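Printed here is my_file_14.cif (mmCIF, C-alpha atoms and all ligand atoms; chains and numbers go by the auth columns):
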data_target
loop_
_atom_site.group_PDB
_atom_site.id
_atom_site.type_symbol
_atom_site.label_atom_id
_atom_site.label_comp_id
_atom_site.label_asym_id
_atom_site.label_seq_id
_atom_site.Cartn_x
_atom_site.Cartn_y
_atom_site.Cartn_z
_atom_site.B_iso_or_equiv
_atom_site.auth_seq_id
_atom_site.auth_asym_id
ATOM 1 C CA MET A 1 72.246 81.248 119.556 0.00 1 T
ATOM 2 C CA LYS A 2 71.021 77.662 120.059 0.00 2 T
ATOM 3 C CA ALA A 3 73.061 76.305 117.162 0.00 3 T
ATOM 4 C CA ALA A 4 76.101 78.273 118.306 0.00 4 T
ATOM 5 C CA ALA A 5 76.311 76.857 121.847 0.00 5 T
ATOM 6 C CA PRO A 6 77.628 73.366 120.926 0.00 6 T
ATOM 7 C CA GLN A 7 80.114 74.967 118.536 0.00 7 T
ATOM 8 C CA ARG A 8 81.311 77.364 121.242 0.00 8 T
ATOM 9 C CA ARG A 9 81.696 74.413 123.623 0.00 9 T
ATOM 10 C CA ARG A 10 83.769 72.486 121.062 0.00 10 T
ATOM 11 C CA VAL A 11 86.021 75.367 120.082 0.00 11 T
ATOM 12 C CA CYS A 12 86.685 76.450 123.670 0.00 12 T
ATOM 13 C CA ALA A 13 87.288 72.908 124.931 0.00 13 T
ATOM 14 C CA GLY A 14 91.031 72.838 124.229 0.00 14 T
ATOM 15 C CA LEU A 15 91.878 76.264 125.682 0.00 15 T
ATOM 16 C CA ALA A 16 94.355 76.458 128.556 0.00 16 T
ATOM 17 C CA GLY A 17 96.636 78.976 130.257 0.00 17 T
ATOM 18 C CA ASP A 18 96.756 82.629 129.218 0.00 18 T
ATOM 19 C CA VAL A 19 94.318 83.272 126.370 0.00 19 T
ATOM 20 C CA VAL A 20 93.768 86.218 124.020 0.00 20 T
ATOM 21 C CA GLU A 21 90.289 86.423 122.478 0.00 21 T
ATOM 22 C CA ILE A 22 89.873 88.428 119.280 0.00 22 T
ATOM 23 C CA GLY A 23 86.458 90.037 118.684 0.00 23 T
ATOM 24 C CA PHE A 24 85.229 89.283 122.203 0.00 24 T
ATOM 25 C CA GLY A 25 81.815 90.831 121.416 0.00 25 T
ATOM 26 C CA SER A 26 79.415 90.424 124.345 0.00 26 T
ATOM 27 C CA GLY A 27 81.391 87.570 125.886 0.00 27 T
ATOM 28 C CA LEU A 28 79.209 84.730 124.610 0.00 28 T
ATOM 29 C CA ASN A 29 82.148 82.327 124.953 0.00 29 T
ATOM 30 C CA ILE A 30 82.649 83.015 128.670 0.00 30 T
ATOM 31 C CA PRO A 31 80.417 80.137 129.889 0.00 31 T
ATOM 32 C CA PHE A 32 82.446 77.737 127.739 0.00 32 T
ATOM 33 C CA TYR A 33 85.955 78.661 128.932 0.00 33 T
ATOM 34 C CA PRO A 34 87.347 75.494 130.535 0.00 34 T
ATOM 35 C CA PRO A 35 88.772 75.671 134.091 0.00 35 T
ATOM 36 C CA ALA A 36 92.284 75.236 132.609 0.00 36 T
ATOM 37 C CA VAL A 37 92.083 78.851 131.348 0.00 37 T
ATOM 38 C CA ALA A 38 94.100 81.066 133.708 0.00 38 T
ATOM 39 C CA ARG A 39 93.037 84.465 132.311 0.00 39 T
ATOM 40 C CA VAL A 40 91.597 86.019 129.165 0.00 40 T
ATOM 41 C CA ALA A 41 92.737 89.205 127.428 0.00 41 T
ATOM 42 C CA ALA A 42 89.677 90.372 125.494 0.00 42 T
ATOM 43 C CA ILE A 43 90.154 92.416 122.325 0.00 43 T
ATOM 44 C CA GLU A 44 86.986 94.254 121.322 0.00 44 T
ATOM 45 C CA PRO A 45 86.468 97.705 119.760 0.00 45 T
ATOM 46 C CA ALA A 46 82.734 98.015 120.581 0.00 46 T
ATOM 47 C CA ASP A 47 81.918 99.499 124.003 0.00 47 T
ATOM 48 C CA LEU A 48 78.390 98.110 123.702 0.00 48 T
ATOM 49 C CA GLY A 49 79.715 94.538 123.414 0.00 49 T
ATOM 50 C CA TRP A 50 81.748 94.929 126.600 0.00 50 T
ATOM 51 C CA LYS A 51 78.725 96.432 128.398 0.00 51 T
ATOM 52 C CA LEU A 52 76.475 93.553 127.311 0.00 52 T
ATOM 53 C CA ALA A 53 79.062 91.087 128.636 0.00 53 T
ATOM 54 C CA GLY A 54 78.520 92.424 132.207 0.00 54 T
ATOM 55 C CA ASN A 55 76.464 89.546 133.666 0.00 55 T
ATOM 56 C CA ARG A 56 78.638 86.882 132.067 0.00 56 T
ATOM 57 C CA LEU A 57 81.790 88.612 133.357 0.00 57 T
ATOM 58 C CA ARG A 58 80.362 88.696 136.885 0.00 58 T
ATOM 59 C CA ALA A 59 79.371 85.014 136.698 0.00 59 T
ATOM 60 C CA THR A 60 82.804 83.646 135.826 0.00 60 T
ATOM 61 C CA THR A 61 85.702 83.003 138.189 0.00 61 T
ATOM 62 C CA ILE A 62 88.207 83.303 135.315 0.00 62 T
ATOM 63 C CA PRO A 63 89.789 86.784 135.185 0.00 63 T
ATOM 64 C CA VAL A 64 88.824 88.539 131.934 0.00 64 T
ATOM 65 C CA GLU A 65 90.286 91.944 131.081 0.00 65 T
ATOM 66 C CA ARG A 66 89.404 94.185 128.142 0.00 66 T
ATOM 67 C CA ALA A 67 93.015 94.472 127.070 0.00 67 T
ATOM 68 C CA GLY A 68 92.780 96.033 123.617 0.00 68 T
ATOM 69 C CA LEU A 69 90.564 97.459 120.918 0.00 69 T
ATOM 70 C CA ASP A 70 92.014 96.148 117.668 0.00 70 T
ATOM 71 C CA GLY A 71 93.154 92.662 116.762 0.00 71 T
ATOM 72 C CA GLN A 72 95.187 94.098 113.899 0.00 72 T
ATOM 73 C CA SER A 73 97.606 95.703 116.339 0.00 73 T
ATOM 74 C CA LEU A 74 97.897 93.957 119.695 0.00 74 T
ATOM 75 C CA PRO A 75 99.336 95.793 122.727 0.00 75 T
ATOM 76 C CA PHE A 76 101.371 92.819 124.001 0.00 76 T
ATOM 77 C CA PRO A 77 105.003 91.749 123.838 0.00 77 T
ATOM 78 C CA ASP A 78 106.002 88.739 121.717 0.00 78 T
ATOM 79 C CA ASP A 79 105.350 85.253 123.143 0.00 79 T
ATOM 80 C CA SER A 80 102.783 86.398 125.742 0.00 80 T
ATOM 81 C CA PHE A 81 99.981 83.820 125.375 0.00 81 T
ATOM 82 C CA ASP A 82 99.429 80.070 125.406 0.00 82 T
ATOM 83 C CA ALA A 83 96.311 80.196 123.265 0.00 83 T
ATOM 84 C CA ALA A 84 94.108 82.451 121.144 0.00 84 T
ATOM 85 C CA LEU A 85 90.395 82.274 120.409 0.00 85 T
ATOM 86 C CA SER A 86 88.332 83.695 117.575 0.00 86 T
ATOM 87 C CA THR A 87 84.654 82.916 117.007 0.00 87 T
ATOM 88 C CA TRP A 88 82.924 84.424 113.979 0.00 88 T
ATOM 89 C CA SER A 89 85.208 87.475 114.055 0.00 89 T
ATOM 90 C CA MET A 90 87.509 86.926 111.064 0.00 90 T
ATOM 91 C CA CYS A 91 84.606 87.760 108.706 0.00 91 T
ATOM 92 C CA THR A 92 84.359 91.318 110.016 0.00 92 T
ATOM 93 C CA ILE A 93 87.851 92.541 110.821 0.00 93 T
ATOM 94 C CA PRO A 94 89.142 94.544 107.821 0.00 94 T
ATOM 95 C CA ASP A 95 92.679 93.082 107.627 0.00 95 T
ATOM 96 C CA VAL A 96 92.400 89.531 108.877 0.00 96 T
ATOM 97 C CA SER A 97 95.940 88.677 107.754 0.00 97 T
ATOM 98 C CA ALA A 98 97.240 91.407 110.075 0.00 98 T
ATOM 99 C CA VAL A 99 95.300 89.827 112.953 0.00 99 T
ATOM 100 C CA LEU A 100 96.743 86.388 112.225 0.00 100 T
ATOM 101 C CA SER A 101 100.247 87.779 111.982 0.00 101 T
ATOM 102 C CA GLU A 102 99.769 89.562 115.322 0.00 102 T
ATOM 103 C CA LEU A 103 98.500 86.324 116.871 0.00 103 T
ATOM 104 C CA ARG A 104 101.591 84.497 115.619 0.00 104 T
ATOM 105 C CA ARG A 105 103.709 87.195 117.254 0.00 105 T
ATOM 106 C CA VAL A 106 101.999 87.174 120.656 0.00 106 T
ATOM 107 C CA LEU A 107 101.510 83.404 120.925 0.00 107 T
ATOM 108 C CA LYS A 108 104.325 81.462 122.518 0.00 108 T
ATOM 109 C CA PRO A 109 106.087 78.972 120.225 0.00 109 T
ATOM 110 C CA GLY A 110 103.782 75.947 120.071 0.00 110 T
ATOM 111 C CA GLY A 111 100.794 78.070 121.180 0.00 111 T
ATOM 112 C CA THR A 112 97.359 77.279 119.772 0.00 112 T
ATOM 113 C CA LEU A 113 94.790 79.304 117.872 0.00 113 T
ATOM 114 C CA ARG A 114 91.289 77.870 118.233 0.00 114 T
ATOM 115 C CA PHE A 115 88.665 79.186 115.844 0.00 115 T
ATOM 116 C CA VAL A 116 85.181 78.779 114.472 0.00 116 T
ATOM 117 C CA GLU A 117 84.486 81.046 111.537 0.00 117 T
ATOM 118 C CA HIS A 118 82.098 81.233 108.618 0.00 118 T
ATOM 119 C CA GLY A 119 83.649 81.759 105.209 0.00 119 T
ATOM 120 C CA LEU A 120 84.047 80.499 101.678 0.00 120 T
ATOM 121 C CA ALA A 121 81.854 77.409 101.202 0.00 121 T
ATOM 122 C CA PRO A 122 83.342 74.093 100.102 0.00 122 T
ATOM 123 C CA ASP A 123 80.916 73.848 97.139 0.00 123 T
ATOM 124 C CA GLU A 124 80.997 75.950 93.973 0.00 124 T
ATOM 125 C CA PRO A 125 77.199 76.537 93.667 0.00 125 T
ATOM 126 C CA VAL A 126 77.163 77.956 97.223 0.00 126 T
ATOM 127 C CA ARG A 127 80.282 80.013 96.484 0.00 127 T
ATOM 128 C CA ARG A 128 78.484 81.608 93.525 0.00 128 T
ATOM 129 C CA TRP A 129 75.694 82.755 95.867 0.00 129 T
ATOM 130 C CA GLN A 130 78.261 83.986 98.368 0.00 130 T
ATOM 131 C CA ARG A 131 79.948 86.150 95.716 0.00 131 T
ATOM 132 C CA ARG A 132 76.574 87.555 94.645 0.00 132 T
ATOM 133 C CA LEU A 133 75.381 88.314 98.168 0.00 133 T
ATOM 134 C CA GLU A 134 78.638 89.538 99.715 0.00 134 T
ATOM 135 C CA PRO A 135 78.271 93.244 98.785 0.00 135 T
ATOM 136 C CA VAL A 136 74.841 93.394 100.453 0.00 136 T
ATOM 137 C CA GLN A 137 76.010 91.363 103.444 0.00 137 T
ATOM 138 C CA LYS A 138 78.944 93.771 103.949 0.00 138 T
ATOM 139 C CA ARG A 139 76.674 96.814 103.775 0.00 139 T
ATOM 140 C CA LEU A 140 74.024 95.435 106.132 0.00 140 T
ATOM 141 C CA PHE A 141 76.224 93.649 108.667 0.00 141 T
ATOM 142 C CA GLY A 142 79.121 95.929 109.520 0.00 142 T
ATOM 143 C CA GLY A 143 81.582 94.761 106.864 0.00 143 T
ATOM 144 C CA CYS A 144 80.899 91.011 107.278 0.00 144 T
ATOM 145 C CA HIS A 145 82.524 89.086 104.387 0.00 145 T
ATOM 146 C CA LEU A 146 81.085 85.809 103.086 0.00 146 T
ATOM 147 C CA THR A 147 83.973 84.563 100.943 0.00 147 T
ATOM 148 C CA ARG A 148 87.018 84.620 103.186 0.00 148 T
ATOM 149 C CA PRO A 149 88.998 81.363 102.798 0.00 149 T
ATOM 150 C CA ILE A 150 89.539 80.909 106.524 0.00 150 T
ATOM 151 C CA VAL A 151 91.768 77.831 106.499 0.00 151 T
ATOM 152 C CA ASP A 152 93.987 79.252 103.716 0.00 152 T
ATOM 153 C CA LEU A 153 94.350 82.529 105.615 0.00 153 T
ATOM 154 C CA VAL A 154 95.326 80.719 108.819 0.00 154 T
ATOM 155 C CA THR A 155 97.838 78.535 106.971 0.00 155 T
ATOM 156 C CA GLU A 156 99.300 81.430 104.971 0.00 156 T
ATOM 157 C CA ALA A 157 99.968 83.245 108.255 0.00 157 T
ATOM 158 C CA GLY A 158 102.307 80.392 109.211 0.00 158 T
ATOM 159 C CA PHE A 159 100.060 78.307 111.452 0.00 159 T
ATOM 160 C CA THR A 160 99.845 74.520 111.134 0.00 160 T
ATOM 161 C CA ILE A 161 96.312 73.166 111.239 0.00 161 T
ATOM 162 C CA THR A 162 96.000 70.408 113.853 0.00 162 T
ATOM 163 C CA GLU A 163 92.198 69.984 113.974 0.00 163 T
ATOM 164 C CA LEU A 164 89.592 70.899 111.392 0.00 164 T
ATOM 165 C CA ASP A 165 85.907 70.370 110.755 0.00 165 T
ATOM 166 C CA VAL A 166 84.257 72.108 107.797 0.00 166 T
ATOM 167 C CA TYR A 167 80.447 71.934 107.747 0.00 167 T
ATOM 168 C CA TYR A 168 77.248 73.808 107.068 0.00 168 T
ATOM 169 C CA GLU A 169 75.650 75.047 110.265 0.00 169 T
ATOM 170 C CA GLU A 170 72.202 73.606 110.922 0.00 170 T
ATOM 171 C CA GLY A 171 69.426 76.164 110.684 0.00 171 T
ATOM 172 C CA SER A 172 71.559 78.682 108.728 0.00 172 T
ATOM 173 C CA PRO A 173 71.432 79.336 104.992 0.00 173 T
ATOM 174 C CA LYS A 174 74.459 77.655 103.408 0.00 174 T
ATOM 175 C CA PHE A 175 75.953 80.920 102.122 0.00 175 T
ATOM 176 C CA LEU A 176 76.150 82.166 105.716 0.00 176 T
ATOM 177 C CA GLY A 177 76.742 78.939 107.616 0.00 177 T
ATOM 178 C CA ALA A 178 79.801 77.456 105.892 0.00 178 T
ATOM 179 C CA ASN A 179 81.820 77.047 109.075 0.00 179 T
ATOM 180 C CA SER A 180 85.388 75.997 109.738 0.00 180 T
ATOM 181 C CA LEU A 181 86.012 74.911 113.334 0.00 181 T
ATOM 182 C CA GLY A 182 89.527 73.977 114.228 0.00 182 T
ATOM 183 C CA ALA A 183 92.830 74.484 115.922 0.00 183 T
ATOM 184 C CA ALA A 184 96.184 75.593 114.567 0.00 184 T
ATOM 185 C CA ARG A 185 99.646 75.559 116.116 0.00 185 T
ATOM 186 C CA SER A 186 101.977 78.508 115.964 0.00 186 T
ATOM 187 C CA ALA A 187 105.573 77.521 115.196 0.00 187 T
HETATM 188 C C1 LIG B . 80.212 88.761 114.424 0.00 1 C
HETATM 189 S S1 LIG B . 80.885 89.465 115.866 0.00 1 C
HETATM 190 C C2 LIG B . 81.365 88.032 116.798 0.00 1 C
HETATM 191 C C3 LIG B . 81.442 88.308 118.260 0.00 1 C
HETATM 192 C C4 LIG B . 81.884 87.132 119.159 0.00 1 C
HETATM 193 N N1 LIG B . 83.204 86.646 118.809 0.00 1 C
HETATM 194 C C5 LIG B . 80.884 86.000 119.150 0.00 1 C
HETATM 195 O O1 LIG B . 81.257 84.868 118.849 0.00 1 C
HETATM 196 O O2 LIG B . 79.719 86.262 119.480 0.00 1 C
HETATM 197 C C6 LIG B . 82.435 90.146 115.322 0.00 1 C
HETATM 198 C C7 LIG B . 83.151 90.898 116.421 0.00 1 C
HETATM 199 O O3 LIG B . 84.414 91.380 115.933 0.00 1 C
HETATM 200 C C8 LIG B . 84.615 92.668 116.476 0.00 1 C
HETATM 201 N N2 LIG B . 85.639 93.397 115.715 0.00 1 C
HETATM 202 C C9 LIG B . 85.464 94.191 114.617 0.00 1 C
HETATM 203 N N3 LIG B . 86.630 94.734 114.248 0.00 1 C
HETATM 204 C C10 LIG B . 87.574 94.274 115.118 0.00 1 C
HETATM 205 C C11 LIG B . 88.971 94.476 115.253 0.00 1 C
HETATM 206 N N4 LIG B . 89.655 95.274 114.400 0.00 1 C
HETATM 207 N N5 LIG B . 89.629 93.859 116.270 0.00 1 C
HETATM 208 C C12 LIG B . 88.959 93.052 117.133 0.00 1 C
HETATM 209 N N6 LIG B . 87.620 92.818 117.044 0.00 1 C
HETATM 210 C C13 LIG B . 86.940 93.421 116.057 0.00 1 C
HETATM 211 C C14 LIG B . 83.223 93.290 116.424 0.00 1 C
HETATM 212 O O4 LIG B . 83.104 94.447 117.220 0.00 1 C
HETATM 213 C C15 LIG B . 82.372 92.125 116.899 0.00 1 C
HETATM 214 O O5 LIG B . 82.271 92.093 118.304 0.00 1 C
#
With the file now loaded, output its structure as structure tokens.
Ligand SMILES: C[S@@+](CC[C@H](N)C(=O)[O-])C[C@H]1O[C@@H](n2cnc3c(N)ncnc32)[C@H](O)[C@@H]1O
Amino acid sequence: MKAAAPQRRRVCAGLAGDVVEIGFGSGLNIPFYPPAVARVAAIEPADLGWKLAGNRLRATTIPVERAGLDGQSLPFPDDSFDAALSTWSMCTIPDVSAVLSELRRVLKPGGTLRFVEHGLAPDEPVRRWQRRLEPVQKRLFGGCHLTRPIVDLVTEAGFTITELDVYYEEGSPKFLGANSLGAARSA
């Protein structure tokens, strides 16, 4: 939690306008939404997450609505949002390419996806551990993948990366803390 706060602050910093957040969880990003955010459409399948977000939802002045249950199929017309946010959700969602394609559809032209995600490490020795440990990780942590090539997936979906920092998170084992924090523009 401690290590995550500065990363949440950084990834949320550039958000503005109407925002869709994929894998909203318990709303841990709420305190970091900048005042330029007009409203947030939260996409989260787990009722428990939404319930746990209660205090944070009450504490913010930014309107946040639980607007959908599945990032793979978003209930919005094309070109609805200025920005999208995903923090440590692309590891878990079964078809992450479907999510990215949906985000491209619902973002306005020039809209921004901001993300911080763990995934495939930059170094081969760490990648070997990730491949070994992934089956156990998936079983124990609700389908969480360790080897997703986040930046490639974002680029293959048609986004253009505009900011990127790839690093190992302090205090996390490298196989789990190979993070990509960045922003990508939708055409
Ligand atoms: C590791 S948690 C991260 C939660 C939150 N983004 C955070 O930073 O604390 C992954 C989240 O993705 C959600 N999730 C799983 N499948 C999903 C889907 N198909 N669409 C949207 N969210 C999904 C999970 O319920 C969970 O809340």
*Starting from the shown file, work through the PyMOL selection byres (((not hetatm)) within 10 of (chain C and resi 1)) and note down what comes out as an MDAnalysis selection string.*
chainID T and resid 1 4:5 7:8 21:29 42:50 68:74 85:96 98:99 115:118 141:144
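Taking all atoms listed in the file into account, Ala184 in chain T lies nearest to T:Leu113 out of the set T:Val166, T:Val40, T:Leu100, T:Leu113.
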_Atomic separation - CA of Pro149 in chain T relative to CA of Thr162 in chain T, Å_ = 17.1 Å
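One distance worth recording is that between CA of Leu146 in chain T and CA of Asp123 in chain T, which is 13.4 Å.
CA of Arg127 in chain T to CA of Gly177 in chain T spans 11.7 Å [interatomic distance, one decimal].
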*Which residues come within 12 Å of Val19 in chain T, counting all atoms listed in the file, excluding same-chain residues fewer than 5 positions away, as an MDAnalysis selection string?*
chainID T and resid 12 14 24 30 33:34 36:43 62:65 67 79:86 103 106:108 111:114
*Name the residues that the PyMOL selection byres (((chain T and resi 152) around 12) and not hetatm) pulls out of this structure, and write them as a list in words.*
Val96, Ser97, Leu100, Gly119, Leu120, Thr147, Arg148, Pro149, Ile150, Val151, Leu153, Val154, Thr155, Glu156, Ala157, Gly158, Phe159, Thr160, Ile161, Ser180 and Ala184 of chain T
